[in-house]
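Student: One structure is given below, represented as structure tokens, and several questions about it will come after.
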Amino acid sequence: MERRVAERLRGCLDPFGFEVHAFKVGWYNAVVQPAFHLPYPDDTLAFVVLSTPSMFEKALKPFVNKERLKIIRDPVDQCVSYHLSRLKEKFPDQTVDIMFDYELLPNRKPKFLAQTAAHVSGAAYYYQRKDVKLDPWGGKKIFGVCIHPRYGGWFAIRGLLLFPDIQVPFLEQCAPVDCVSTEEQRIELLEQFNFHWQDTRYRDIIEVREKYSEEQKAYFATPPAERFKLLGLTQEVHRSIFH
């Protein structure tokens with residue numbers, strides 16, 4: 001069942017620059033605090049959705065050109081919502097619940113921990129402080145970061161797809177590729193991500209097959225309220241309750 005669902009999802013999303021990776025809810029719930037547990041049985045089938053570098057050209061720009069007058073909030077968020085919401089039509093006999101990376105709970109915490117979901121699905125390795133044996137940071141706060149084996153840091157985690165009606169007790173877990181394997185590289189990665197993230201060097205910690213175009217880099221480096229101009233849009237950003 002998981003394979004058939006995955007093939008259908010990939011058929012819908014791959015042409016637009018998205019990736020999907022399967023996991024069981026129990027894998028995720030086992031490694032996060034109870035406040036972040038997904039409210040489904042452990043064997044429930046779920047997928048994490050990533051956007052790859054090609055999403056900008058394959059999905060975002062065509063979406064903006066087609067839906068120009070309907071864009072009232074962040075164009076990327078609205079584009080992702082459009083493509084993931086359409087998936088429900090492809091599964092008329094199944095319930096498909098969607099969680100987006102930009103959604104927050106009433107307490108302002110995220111609905112799910114995106115990088116943890118990417119790690120347990122095998123999509124990308126979540127490098128954290130605990131992965132460094134000789135910690136050089138003392139009392140400093142150090143955030144972790146996911147690295148994709150093909151795209152390095154040139155990707156984003158966009159959401160979860162959950163299938164409450166599908167239980168997959170025999171789904172085997174695939175470990176993410178440990179592509180930043182040395183102590184020195186891991187320290188360099190976390191240093192760059194935490195203290196020099198704006199220069200994007202952390203994204204190239206490994207040799208990548210594909211990265212953001214110069215146009216895409218400029219877009220994401222621009223403050224959100226000014227990105228509309230880069231896409232030829234004139235509407236003001238109306239922030240939703242989730243922003």
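Residues are named by chain letter and number: chains run A, B, ... in the order of the structure tokens, numbers start at 1 in each chain, and ligands are numbered from 1 in the order shown.
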I'd like to know which residues of region 18-187 of chain A are helix (DSSP H, G or I) (by DSSP, run on the backbone); could you write them as an mmCIF file with N, CA and C atoms, in the first residue's frame?

Tutor:
```cif
data_model
loop_
_atom_site.group_PDB
_atom_site.id
_atom_site.type_symbol
_atom_site.label_atom_id
_atom_site.label_comp_id
_atom_site.auth_asym_id
_atom_site.auth_seq_id
_atom_site.Cartn_x
_atom_site.Cartn_y
_atom_site.Cartn_z
ATOM 1 N N VAL A 25 4.167 7.355 11.777
ATOM 2 C CA VAL A 25 4.003 8.372 12.818
ATOM 3 C C VAL A 25 4.756 7.985 14.091
ATOM 4 N N GLY A 26 4.775 6.698 14.400
ATOM 5 C CA GLY A 26 5.452 6.239 15.614
ATOM 6 C C GLY A 26 6.943 6.536 15.623
ATOM 7 N N TRP A 27 7.583 6.507 14.453
ATOM 8 C CA TRP A 27 9.013 6.833 14.396
ATOM 9 C C TRP A 27 9.251 8.270 14.839
ATOM 10 N N TYR A 28 8.372 9.144 14.391
ATOM 11 C CA TYR A 28 8.490 10.562 14.738
ATOM 12 C C TYR A 28 8.153 10.785 16.209
ATOM 13 N N ASN A 29 7.013 10.239 16.658
ATOM 14 C CA ASN A 29 6.580 10.463 18.037
ATOM 15 C C ASN A 29 7.568 9.917 19.058
ATOM 16 N N PRO A 34 6.298 15.056 24.056
ATOM 17 C CA PRO A 34 4.848 14.823 23.920
ATOM 18 C C PRO A 34 4.086 16.012 23.347
ATOM 19 N N ALA A 35 4.548 17.229 23.607
ATOM 20 C CA ALA A 35 3.853 18.413 23.098
ATOM 21 C C ALA A 35 3.829 18.449 21.576
ATOM 22 N N PHE A 36 4.763 17.729 20.939
ATOM 23 C CA PHE A 36 4.860 17.735 19.481
ATOM 24 C C PHE A 36 4.365 16.430 18.853
ATOM 25 N N MET A 55 11.965 23.558 -7.793
ATOM 26 C CA MET A 55 10.600 23.982 -7.481
ATOM 27 C C MET A 55 10.351 25.436 -7.881
ATOM 28 N N PHE A 56 11.346 26.271 -7.777
ATOM 29 C CA PHE A 56 11.188 27.700 -8.078
ATOM 30 C C PHE A 56 10.729 27.902 -9.516
ATOM 31 N N GLU A 57 11.368 27.185 -10.450
ATOM 32 C CA GLU A 57 11.013 27.319 -11.863
ATOM 33 C C GLU A 57 9.805 26.472 -12.245
ATOM 34 N N LYS A 58 9.708 25.272 -11.666
ATOM 35 C CA LYS A 58 8.662 24.330 -12.086
ATOM 36 C C LYS A 58 7.314 24.585 -11.424
ATOM 37 N N ALA A 59 7.328 25.146 -10.222
ATOM 38 C CA ALA A 59 6.070 25.328 -9.496
ATOM 39 C C ALA A 59 5.774 26.783 -9.176
ATOM 40 N N LEU A 60 6.729 27.483 -8.539
ATOM 41 C CA LEU A 60 6.424 28.826 -8.042
ATOM 42 C C LEU A 60 6.146 29.828 -9.158
ATOM 43 N N LYS A 61 7.035 29.921 -10.121
ATOM 44 C CA LYS A 61 6.849 30.935 -11.160
ATOM 45 C C LYS A 61 5.598 30.676 -12.009
ATOM 46 N N PRO A 62 5.327 29.432 -12.428
ATOM 47 C CA PRO A 62 4.061 29.191 -13.138
ATOM 48 C C PRO A 62 2.842 29.486 -12.275
ATOM 49 N N PHE A 63 2.918 29.160 -10.984
ATOM 50 C CA PHE A 63 1.797 29.426 -10.087
ATOM 51 C C PHE A 63 1.533 30.927 -9.986
ATOM 52 N N VAL A 64 2.593 31.705 -9.833
ATOM 53 C CA VAL A 64 2.438 33.151 -9.719
ATOM 54 C C VAL A 64 1.833 33.727 -11.000
ATOM 55 N N ASN A 65 2.299 33.250 -12.139
ATOM 56 C CA ASN A 65 1.770 33.753 -13.413
ATOM 57 C C ASN A 65 0.295 33.410 -13.595
ATOM 58 N N LYS A 66 -0.095 32.237 -13.103
ATOM 59 C CA LYS A 66 -1.482 31.796 -13.278
ATOM 60 C C LYS A 66 -2.416 32.395 -12.230
ATOM 61 N N ARG A 68 -1.961 35.141 -10.279
ATOM 62 C CA ARG A 68 -1.461 36.466 -9.907
ATOM 63 C C ARG A 68 -2.439 37.277 -9.040
ATOM 64 N N LEU A 69 -3.706 37.265 -9.382
ATOM 65 C CA LEU A 69 -4.683 38.105 -8.686
ATOM 66 C C LEU A 69 -5.201 37.465 -7.395
ATOM 67 N N LYS A 70 -4.814 36.211 -7.148
ATOM 68 C CA LYS A 70 -5.329 35.517 -5.972
ATOM 69 C C LYS A 70 -4.300 35.421 -4.847
ATOM 70 N N PRO A 75 3.938 34.053 -1.352
ATOM 71 C CA PRO A 75 3.715 33.275 -2.580
ATOM 72 C C PRO A 75 4.180 31.823 -2.491
ATOM 73 N N VAL A 76 5.317 31.575 -1.834
ATOM 74 C CA VAL A 76 5.799 30.190 -1.723
ATOM 75 C C VAL A 76 4.833 29.361 -0.879
ATOM 76 N N ASP A 77 4.416 29.904 0.264
ATOM 77 C CA ASP A 77 3.467 29.181 1.114
ATOM 78 C C ASP A 77 2.182 28.883 0.348
ATOM 79 N N GLN A 78 1.702 29.865 -0.401
ATOM 80 C CA GLN A 78 0.448 29.679 -1.126
ATOM 81 C C GLN A 78 0.616 28.678 -2.266
ATOM 82 N N CYS A 79 1.770 28.685 -2.915
ATOM 83 C CA CYS A 79 2.065 27.728 -3.983
ATOM 84 C C CYS A 79 2.120 26.310 -3.431
ATOM 85 N N VAL A 80 2.823 26.124 -2.323
ATOM 86 C CA VAL A 80 2.908 24.798 -1.704
ATOM 87 C C VAL A 80 1.524 24.323 -1.286
ATOM 88 N N SER A 81 0.748 25.208 -0.660
ATOM 89 C CA SER A 81 -0.609 24.860 -0.246
ATOM 90 C C SER A 81 -1.456 24.425 -1.433
ATOM 91 N N TYR A 82 -1.317 25.110 -2.541
ATOM 92 C CA TYR A 82 -2.075 24.785 -3.752
ATOM 93 C C TYR A 82 -1.747 23.370 -4.230
ATOM 94 N N HIS A 83 -0.466 23.060 -4.335
ATOM 95 C CA HIS A 83 -0.067 21.759 -4.873
ATOM 96 C C HIS A 83 -0.385 20.616 -3.917
ATOM 97 N N LEU A 84 -0.198 20.813 -2.622
ATOM 98 C CA LEU A 84 -0.482 19.730 -1.685
ATOM 99 C C LEU A 84 -1.981 19.532 -1.500
ATOM 100 N N SER A 85 -2.731 20.602 -1.487
ATOM 101 C CA SER A 85 -4.186 20.467 -1.316
ATOM 102 C C SER A 85 -4.829 19.736 -2.491
ATOM 103 N N ARG A 86 -4.265 19.909 -3.679
ATOM 104 C CA ARG A 86 -4.796 19.229 -4.860
ATOM 105 C C ARG A 86 -4.647 17.713 -4.768
ATOM 106 N N LEU A 87 -3.749 17.238 -3.923
ATOM 107 C CA LEU A 87 -3.515 15.799 -3.809
ATOM 108 C C LEU A 87 -4.743 15.066 -3.294
ATOM 109 N N LYS A 88 -5.583 15.750 -2.535
ATOM 110 C CA LYS A 88 -6.770 15.093 -1.994
ATOM 111 C C LYS A 88 -7.663 14.566 -3.118
ATOM 112 N N GLU A 89 -7.635 15.248 -4.258
ATOM 113 C CA GLU A 89 -8.431 14.795 -5.406
ATOM 114 C C GLU A 89 -7.907 13.472 -5.956
ATOM 115 N N LYS A 90 -6.629 13.204 -5.747
ATOM 116 C CA LYS A 90 -6.022 11.982 -6.274
ATOM 117 C C LYS A 90 -6.274 10.772 -5.379
ATOM 118 N N ALA A 114 9.868 19.970 11.696
ATOM 119 C CA ALA A 114 10.124 19.615 10.300
ATOM 120 C C ALA A 114 11.423 18.835 10.128
ATOM 121 N N GLN A 115 12.488 19.274 10.780
ATOM 122 C CA GLN A 115 13.782 18.619 10.561
ATOM 123 C C GLN A 115 13.801 17.216 11.160
ATOM 124 N N THR A 116 13.104 17.026 12.263
ATOM 125 C CA THR A 116 13.004 15.687 12.834
ATOM 126 C C THR A 116 12.240 14.763 11.896
ATOM 127 N N ALA A 117 11.149 15.275 11.310
ATOM 128 C CA ALA A 117 10.380 14.476 10.358
ATOM 129 C C ALA A 117 11.231 14.090 9.158
ATOM 130 N N ALA A 118 12.030 15.023 8.659
ATOM 131 C CA ALA A 118 12.906 14.723 7.523
ATOM 132 C C ALA A 118 13.917 13.638 7.886
ATOM 133 N N HIS A 119 14.431 13.682 9.108
ATOM 134 C CA HIS A 119 15.431 12.710 9.542
ATOM 135 C C HIS A 119 14.836 11.315 9.664
ATOM 136 N N VAL A 120 13.684 11.191 10.363
ATOM 137 C CA VAL A 120 13.130 9.846 10.586
ATOM 138 C C VAL A 120 12.616 9.215 9.296
ATOM 139 N N SER A 121 12.307 10.051 8.294
ATOM 140 C CA SER A 121 11.857 9.515 7.003
ATOM 141 C C SER A 121 13.024 9.085 6.120
ATOM 142 N N ARG A 129 23.895 19.404 17.821
ATOM 143 C CA ARG A 129 25.031 19.544 18.726
ATOM 144 C C ARG A 129 25.484 18.191 19.278
ATOM 145 N N LYS A 130 24.526 17.301 19.524
ATOM 146 C CA LYS A 130 24.855 15.995 20.100
ATOM 147 C C LYS A 130 25.675 15.131 19.149
ATOM 148 N N ASP A 131 25.722 15.503 17.850
ATOM 149 C CA ASP A 131 26.498 14.753 16.867
ATOM 150 C C ASP A 131 27.973 15.135 16.862
ATOM 151 N N GLU A 183 34.032 14.813 12.271
ATOM 152 C CA GLU A 183 33.870 15.773 13.375
ATOM 153 C C GLU A 183 34.134 17.203 12.898
ATOM 154 N N GLU A 184 35.193 17.365 12.108
ATOM 155 C CA GLU A 184 35.559 18.701 11.629
ATOM 156 C C GLU A 184 34.466 19.292 10.743
ATOM 157 N N GLN A 185 33.917 18.481 9.852
ATOM 158 C CA GLN A 185 32.855 18.956 8.971
ATOM 159 C C GLN A 185 31.600 19.336 9.753
ATOM 160 N N ARG A 186 31.278 18.538 10.752
ATOM 161 C CA ARG A 186 30.068 18.814 11.535
ATOM 162 C C ARG A 186 30.213 20.107 12.324
ATOM 163 N N ILE A 187 31.370 20.327 12.886
ATOM 164 C CA ILE A 187 31.614 21.594 13.598
ATOM 165 C C ILE A 187 31.522 22.764 12.630
#
```

Student: With a distance cut-off of 8 Å and only C-alpha atoms, select the neighbouring residues of Lys111 (chain A), excluding the residue or stretch itself and same-chain residues fewer than 4 positions from it, and output the selection as a ChimeraX atom specification.

Tutor: /A:36,99,101,103-105

Student: Work out how far CA of Ile142 (chain A) is from CA of Thr182 (chain A), in Å to one decimal.

Tutor: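 Taking CA of Thr182 (chain A) and CA of Ile142 (chain A), their separation equals 18.1 Å.
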
Student: Excluding same-chain residues fewer than 5 positions from region 151-154 of chain A, what lies within 6 Å of it counting only C-alpha atoms, as a PyMOL selection string?

Tutor: chain A and resi 203-204+206+208+210-211

Student: Please save N, CA and C atoms of the selected residues as a CSV table (one decimal), in the first residue's frame.

Tutor:
```
chain,number,residue,atom,x,y,z
A,203,ARG,N,25.2,25.7,3.2
A,203,ARG,CA,24.4,24.9,2.2
A,203,ARG,C,25.3,24.1,1.3
A,204,ASP,N,26.6,24.5,1.2
A,204,ASP,CA,27.5,23.8,0.3
A,204,ASP,C,28.6,23.0,1.1
A,206,ILE,N,28.7,20.0,1.5
A,206,ILE,CA,29.0,18.9,0.7
A,206,ILE,C,28.9,19.3,-0.8
A,208,VAL,N,27.2,19.4,-4.1
A,208,VAL,CA,25.8,19.2,-4.4
A,208,VAL,C,25.6,19.0,-5.9
A,210,GLU,N,22.7,20.0,-7.4
A,210,GLU,CA,21.9,21.1,-7.9
A,210,GLU,C,21.7,22.0,-6.7
A,211,LYS,N,21.7,23.3,-7.0
A,211,LYS,CA,21.4,24.3,-6.0
A,211,LYS,C,20.5,25.4,-6.6
```

Student: Between CA of Tyr212 (chain A) and CA of Ser54 (chain A), what is the spacing in Å?

Tutor: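 Separation between CA of Ser54 (chain A) and CA of Tyr212 (chain A): 7.6 Å.
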
Student: Pick out the residues sitting within 12 Å of Glu7 (chain A), and hand them over as a PyMOL selection string; count only C-alpha atoms, and ignore anything fewer than 4 positions along from it in its own chain.

Tutor: chain A and resi 1-3+11-14+19-22+47+90

Student: Could you write those residues out with C-alpha atoms, as a tab-separated table (two decimals), in the first residue's frame?

Tutor:
```tsv
chain	number	residue	atom	x	y	z
A	1	MET	CA	0.00	0.00	0.00
A	2	GLU	CA	2.77	2.44	0.93
A	3	ARG	CA	4.47	1.88	-2.42
A	11	GLY	CA	3.68	11.23	-10.07
A	12	CYS	CA	1.83	14.35	-8.90
A	13	LEU	CA	4.66	16.20	-7.20
A	14	ASP	CA	7.94	15.26	-8.93
A	19	GLU	CA	10.13	15.13	-3.11
A	20	VAL	CA	8.19	12.84	-0.77
A	21	HIS	CA	9.57	10.38	1.78
A	22	ALA	CA	7.48	7.92	3.78
A	47	PHE	CA	5.10	11.50	4.15
A	90	LYS	CA	-6.02	11.98	-6.27
```

Student: Find the distance between CA of Gln167 (chain A) and CA of Thr44 (chain A) and write it in Å to one decimal.

Tutor: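 Computing it gives 4.7 Å between the two atoms.
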
Student: Taking into account only C-alpha atoms, which residue in the set A:Pro106, A:Pro53, A:Gly144, A:Pro136 is nearest to Ala156 (chain A)?

Tutor: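 Using only C-alpha atoms, the shortest distance to Ala156 (chain A) belongs to A:Pro53.
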
Student: Which residue out of A:Ala123, A:Ala218, A:Leu233, A:Val145 has the minimum interatomic distance to Glu191 (chain A) when only C-alpha atoms are used?

Tutor: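 Distance minimum relative to Glu191 (chain A) lands on A:Val145.
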